[in-house]
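Engineer: Please find one structure pasted underneath; my questions will follow.
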Amino acid sequence: MMKLFKFIGILLLLLMVAAGVYYFVNNESLPEGKKGKEADALAIKMFNAINSEAYENTEILKWSFRKKHYYTWHKNKNIVHISWANYKVTLHPDNPDKSEVYIDGRISDHRELVKQAHDHFNNDSFWLVAPFKIFDPGTERSIVKHDGKDALLITYTSGGTTPGDSYLWILDENYMPTSFKMWTSIIPIGGVSATWSDWKKTSSGIKLPTKHKLSLFGMILPMGEVKAYNEKADELAEKVLKAIKHKAYKNTRYIEWSFGGKRHFKWDKEKHIATVSWDTIRVNLHPQEKEKSTVFYHDKLQKNADSKIVKRAWDIFNNDSFWLVAPHKLFDNGTIRSIKKVDDKEALLIKYTTGGTTPGDSYLWLLDSNYVPISYKMFVPSMKINGVDATWQDWITTESGTLLPTNHTFGNNRNLSMGTVKGYN
């Protein structure tokens, strides 16, 4: 028996020595950084890279943590549904007394589970959205040199479960986070790193991590099937499409219109071929295969289509068709939908991340009581347009049954006519 105790004692001593060596080799002191405008400027670049605006507009996030805790977070209401083991808590982080506890599906008065759920949420949501929290109240930002490059040190002086923690964000050349180093009260070794690289793009427009790999023994933290979406915005967009008879629009084959009386169009929407005419030029445009396009001068076919003329026709078509059918494009690929309040009414903000001539543009749609668009505010960074208003008016029901506008007003009551608008099969 004495030999057994001696063996256990030696083993414990060896483990303590190994732990001490590991700590000595791997522990890093918290670096000192420089606070001020430069640090905030770096933080803003990171904020822009991760699309913080889309995060602010995100309504719902779903994820899990280490396949143990499962979450649905209604961020716009700040209500969280958390489940683990046989427990479920509907958590109100701002007002815990309103929280509800369920055990095996039945309401329970075990209020200690509210505190447990809140602690789980503070930790597990941080691993999901920490990059979006760098300007939270109680944060301090500093610039630190890491491997010869600027890194962003964030210290949480208040809030959360463990105030006083610090995180050094390592950024790529586009200011996207790739990893961070941690100095936290729950991890005794300073400078433990974790990856932030396995990103998934969500329907709300933000990227979220699907897992993290820690430098501490190669530990993996899976985040489950992460999702972020805007349920109410999608419902509002569907109401708009119903109001303007979008189903009939999808079945419409031909659309004709003009733009300010200067450019004229006939679009075979089924084949996606458009005749674009201006001055003495006519282009039979194939938007998706521009090399197939043909060019006419004075109705005479040119043997070799001028690529510059084809490109101009493509630009014209993208712009002028948008002024006719933009409300029918609310669910196009690359669109992000969110809700904004304008004069206490819900308005629909659409951002185009891809496609068209100027990806990155946003349009804030104002609607009447029947959800038909009456105007929008334009945000076009490439043209330095920031909130310019334009009406969408004089809607007609076409022969094919869809609704299309015939006039717009913008600026000093300038009118933009869409000419004689037709939609038919």
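Numbering starts fresh at 1 for the residues of each chain in the structure tokens, the chains themselves are lettered A, B, ... in the order given, and ligands are numbered from 1 as they appear.
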Asp268 of chain A: which residues within 9 Å, counting only C-alpha atoms, same-chain residues fewer than 3 positions away excluded, as a list in words?
Structural biologist: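 Near Asp268 of chain A, the qualifying residues are Arg253, Tyr254, Ile255, Lys271, His272, Ile273, Ala274 and Thr275 of chain A.
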Engineer: Report as a PDB file with N, CA and C atoms, in the first residue's frame all protein, DNA and RNA residues lying within 6 Å of segment 224-235 of chain A, evaluated on only C-alpha atoms, omitting residues in the same chain fewer than 2 positions from it.
Structural biologist:
ATOM      1  N   THR A  58     -29.711  42.718 -37.885  1.00  0.00           N
ATOM      2  CA  THR A  58     -30.062  41.296 -37.799  1.00  0.00           C
ATOM      3  C   THR A  58     -31.098  41.069 -36.705  1.00  0.00           C
ATOM      4  N   GLU A  59     -32.133  40.322 -37.050  1.00  0.00           N
ATOM      5  CA  GLU A  59     -33.220  40.081 -36.105  1.00  0.00           C
ATOM      6  C   GLU A  59     -32.998  38.830 -35.261  1.00  0.00           C
ATOM      7  N   ILE A  60     -32.579  37.733 -35.890  1.00  0.00           N
ATOM      8  CA  ILE A  60     -32.537  36.439 -35.197  1.00  0.00           C
ATOM      9  C   ILE A  60     -31.202  35.749 -35.487  1.00  0.00           C
ATOM     10  N   LEU A  61     -30.598  35.167 -34.438  1.00  0.00           N
ATOM     11  CA  LEU A  61     -29.399  34.341 -34.588  1.00  0.00           C
ATOM     12  C   LEU A  61     -29.655  32.984 -33.957  1.00  0.00           C
ATOM     13  N   LYS A  62     -29.158  31.938 -34.621  1.00  0.00           N
ATOM     14  CA  LYS A  62     -29.264  30.579 -34.091  1.00  0.00           C
ATOM     15  C   LYS A  62     -27.892  29.929 -34.128  1.00  0.00           C
ATOM     16  N   TRP A  63     -27.568  29.172 -33.090  1.00  0.00           N
ATOM     17  CA  TRP A  63     -26.310  28.446 -33.030  1.00  0.00           C
ATOM     18  C   TRP A  63     -26.351  27.487 -31.850  1.00  0.00           C
ATOM     19  N   SER A  64     -25.291  26.700 -31.723  1.00  0.00           N
ATOM     20  CA  SER A  64     -25.113  25.885 -30.521  1.00  0.00           C
ATOM     21  C   SER A  64     -23.664  26.036 -30.083  1.00  0.00           C
ATOM     22  N   THR A 202     -24.276  34.501 -43.747  1.00  0.00           N
ATOM     23  CA  THR A 202     -25.680  34.249 -43.411  1.00  0.00           C
ATOM     24  C   THR A 202     -26.596  35.124 -44.258  1.00  0.00           C
ATOM     25  N   SER A 203     -27.893  34.824 -44.195  1.00  0.00           N
ATOM     26  CA  SER A 203     -28.845  35.556 -45.030  1.00  0.00           C
ATOM     27  C   SER A 203     -29.045  36.991 -44.573  1.00  0.00           C
ATOM     28  N   SER A 204     -28.671  37.322 -43.337  1.00  0.00           N
ATOM     29  CA  SER A 204     -28.799  38.715 -42.881  1.00  0.00           C
ATOM     30  C   SER A 204     -27.623  39.577 -43.337  1.00  0.00           C
ATOM     31  N   PRO A 222     -16.982  23.701 -31.515  1.00  0.00           N
ATOM     32  CA  PRO A 222     -17.948  23.797 -32.617  1.00  0.00           C
ATOM     33  C   PRO A 222     -19.111  24.708 -32.245  1.00  0.00           C
ATOM     34  N   ALA A 237     -41.187  42.146 -47.030  1.00  0.00           N
ATOM     35  CA  ALA A 237     -40.857  42.074 -48.453  1.00  0.00           C
ATOM     36  C   ALA A 237     -41.876  41.215 -49.203  1.00  0.00           C
ATOM     37  N   GLU A 238     -42.317  40.119 -48.589  1.00  0.00           N
ATOM     38  CA  GLU A 238     -43.327  39.268 -49.220  1.00  0.00           C
ATOM     39  C   GLU A 238     -44.645  40.019 -49.403  1.00  0.00           C
ATOM     40  N   ARG A 337     -32.176  42.059 -46.656  1.00  0.00           N
ATOM     41  CA  ARG A 337     -33.400  42.761 -46.276  1.00  0.00           C
ATOM     42  C   ARG A 337     -33.402  43.040 -44.776  1.00  0.00           C
ATOM     43  N   SER A 338     -33.753  44.267 -44.420  1.00  0.00           N
ATOM     44  CA  SER A 338     -33.896  44.615 -43.009  1.00  0.00           C
ATOM     45  C   SER A 338     -34.949  45.708 -42.884  1.00  0.00           C
ATOM     46  N   ILE A 339     -35.374  45.954 -41.650  1.00  0.00           N
ATOM     47  CA  ILE A 339     -36.429  46.937 -41.393  1.00  0.00           C
ATOM     48  C   ILE A 339     -35.853  48.164 -40.709  1.00  0.00           C
TER      49      ILE A 339
END
Engineer: Env of segment 168-173 of chain A: 10 Å cut, atoms = only C-alpha atoms, seq-sep filter 5 positions within chain, self excluded. Answer as a count of residues only.
Structural biologist: 33
Engineer: For the structure I just gave you, how does DSSP split segment 285-396 of chain A - specifically, which residues are helix (DSSP H, G or I)? Reply as a ChimeraX atom specification.
Structural biologist: /A:290-292,307-329,381-383
Engineer: Let's see if you can do this: from backbone DSSP, list all strand (DSSP E) residues in segment 200-241 of chain A, as a PyMOL selection string.
Structural biologist: chain A and resi 200-201+207-209+211-213+220-222+227-229
Engineer: Taking into account only C-alpha atoms, which residue in the set A:Arg263, A:Lys311, A:Lys329, A:His92 is nearest to Asn78 of chain A?
Structural biologist: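 Ranking A:Arg263, A:Lys311, A:Lys329, A:His92 by distance to Asn78 of chain A, first place goes to A:His92.
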Engineer: So which residues touch Trp267 of chain A within 12 Å, counting only C-alpha atoms, skipping near sequence neighbours fewer than 2 positions away, as a ChimeraX atom specification?
Structural biologist: /A:252-258,264-265,269-277,283-287,317-318,320-321,324-325,421-425
Engineer: Could you name the residues that touch segment 392-407 of chain A at 8 Å or less, counting only C-alpha atoms, but leaving out those on the same chain fewer than 2 positions away, as a list in words?
Structural biologist: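 The residues that qualify are Ile244, Lys245, His246, Lys247, Ala248, Tyr249, Asn251, Thr252, Leu324, Val325, Pro373, Ile374, Ser375, Tyr376, Ala390, Thr409, Asn415, Leu416, Ser417, Met418, Gly419, Thr420, Val421, Lys422, Gly423, Tyr424 and Asn425 of chain A.
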Engineer: Excluding Leu364 of chain A and its own-chain neighbours fewer than 4 positions away, which residues fall within 10 Å of it when counting only C-alpha atoms? Please give them as JSON, numbers by chain.
Structural biologist: {"A": [337, 338, 339, 340, 342, 347, 348, 349, 350, 351, 375, 376, 377, 378, 379, 387, 389]}
Engineer: Using C-alpha atoms, can you export the residues from the last selection as a PDB file, in the first residue's frame?
Structural biologist:
ATOM      1  CA  ARG A 337     -33.400  42.761 -46.276  1.00  0.00           C
ATOM      2  CA  SER A 338     -33.896  44.615 -43.009  1.00  0.00           C
ATOM      3  CA  ILE A 339     -36.429  46.937 -41.393  1.00  0.00           C
ATOM      4  CA  LYS A 340     -35.927  50.597 -40.543  1.00  0.00           C
ATOM      5  CA  VAL A 342     -39.222  56.095 -40.721  1.00  0.00           C
ATOM      6  CA  ALA A 347     -39.713  50.806 -44.094  1.00  0.00           C
ATOM      7  CA  LEU A 348     -37.836  48.092 -45.989  1.00  0.00           C
ATOM      8  CA  LEU A 349     -34.082  48.511 -46.460  1.00  0.00           C
ATOM      9  CA  ILE A 350     -32.608  46.526 -49.356  1.00  0.00           C
ATOM     10  CA  LYS A 351     -28.859  46.274 -49.846  1.00  0.00           C
ATOM     11  CA  SER A 375     -40.875  56.183 -52.770  1.00  0.00           C
ATOM     12  CA  TYR A 376     -37.376  55.205 -51.798  1.00  0.00           C
ATOM     13  CA  LYS A 377     -34.245  56.778 -50.434  1.00  0.00           C
ATOM     14  CA  MET A 378     -31.137  55.981 -52.454  1.00  0.00           C
ATOM     15  CA  PHE A 379     -27.725  55.252 -50.957  1.00  0.00           C
ATOM     16  CA  GLY A 387     -30.410  59.330 -48.914  1.00  0.00           C
ATOM     17  CA  ASP A 389     -35.505  60.630 -52.396  1.00  0.00           C
TER      18      ASP A 389
END
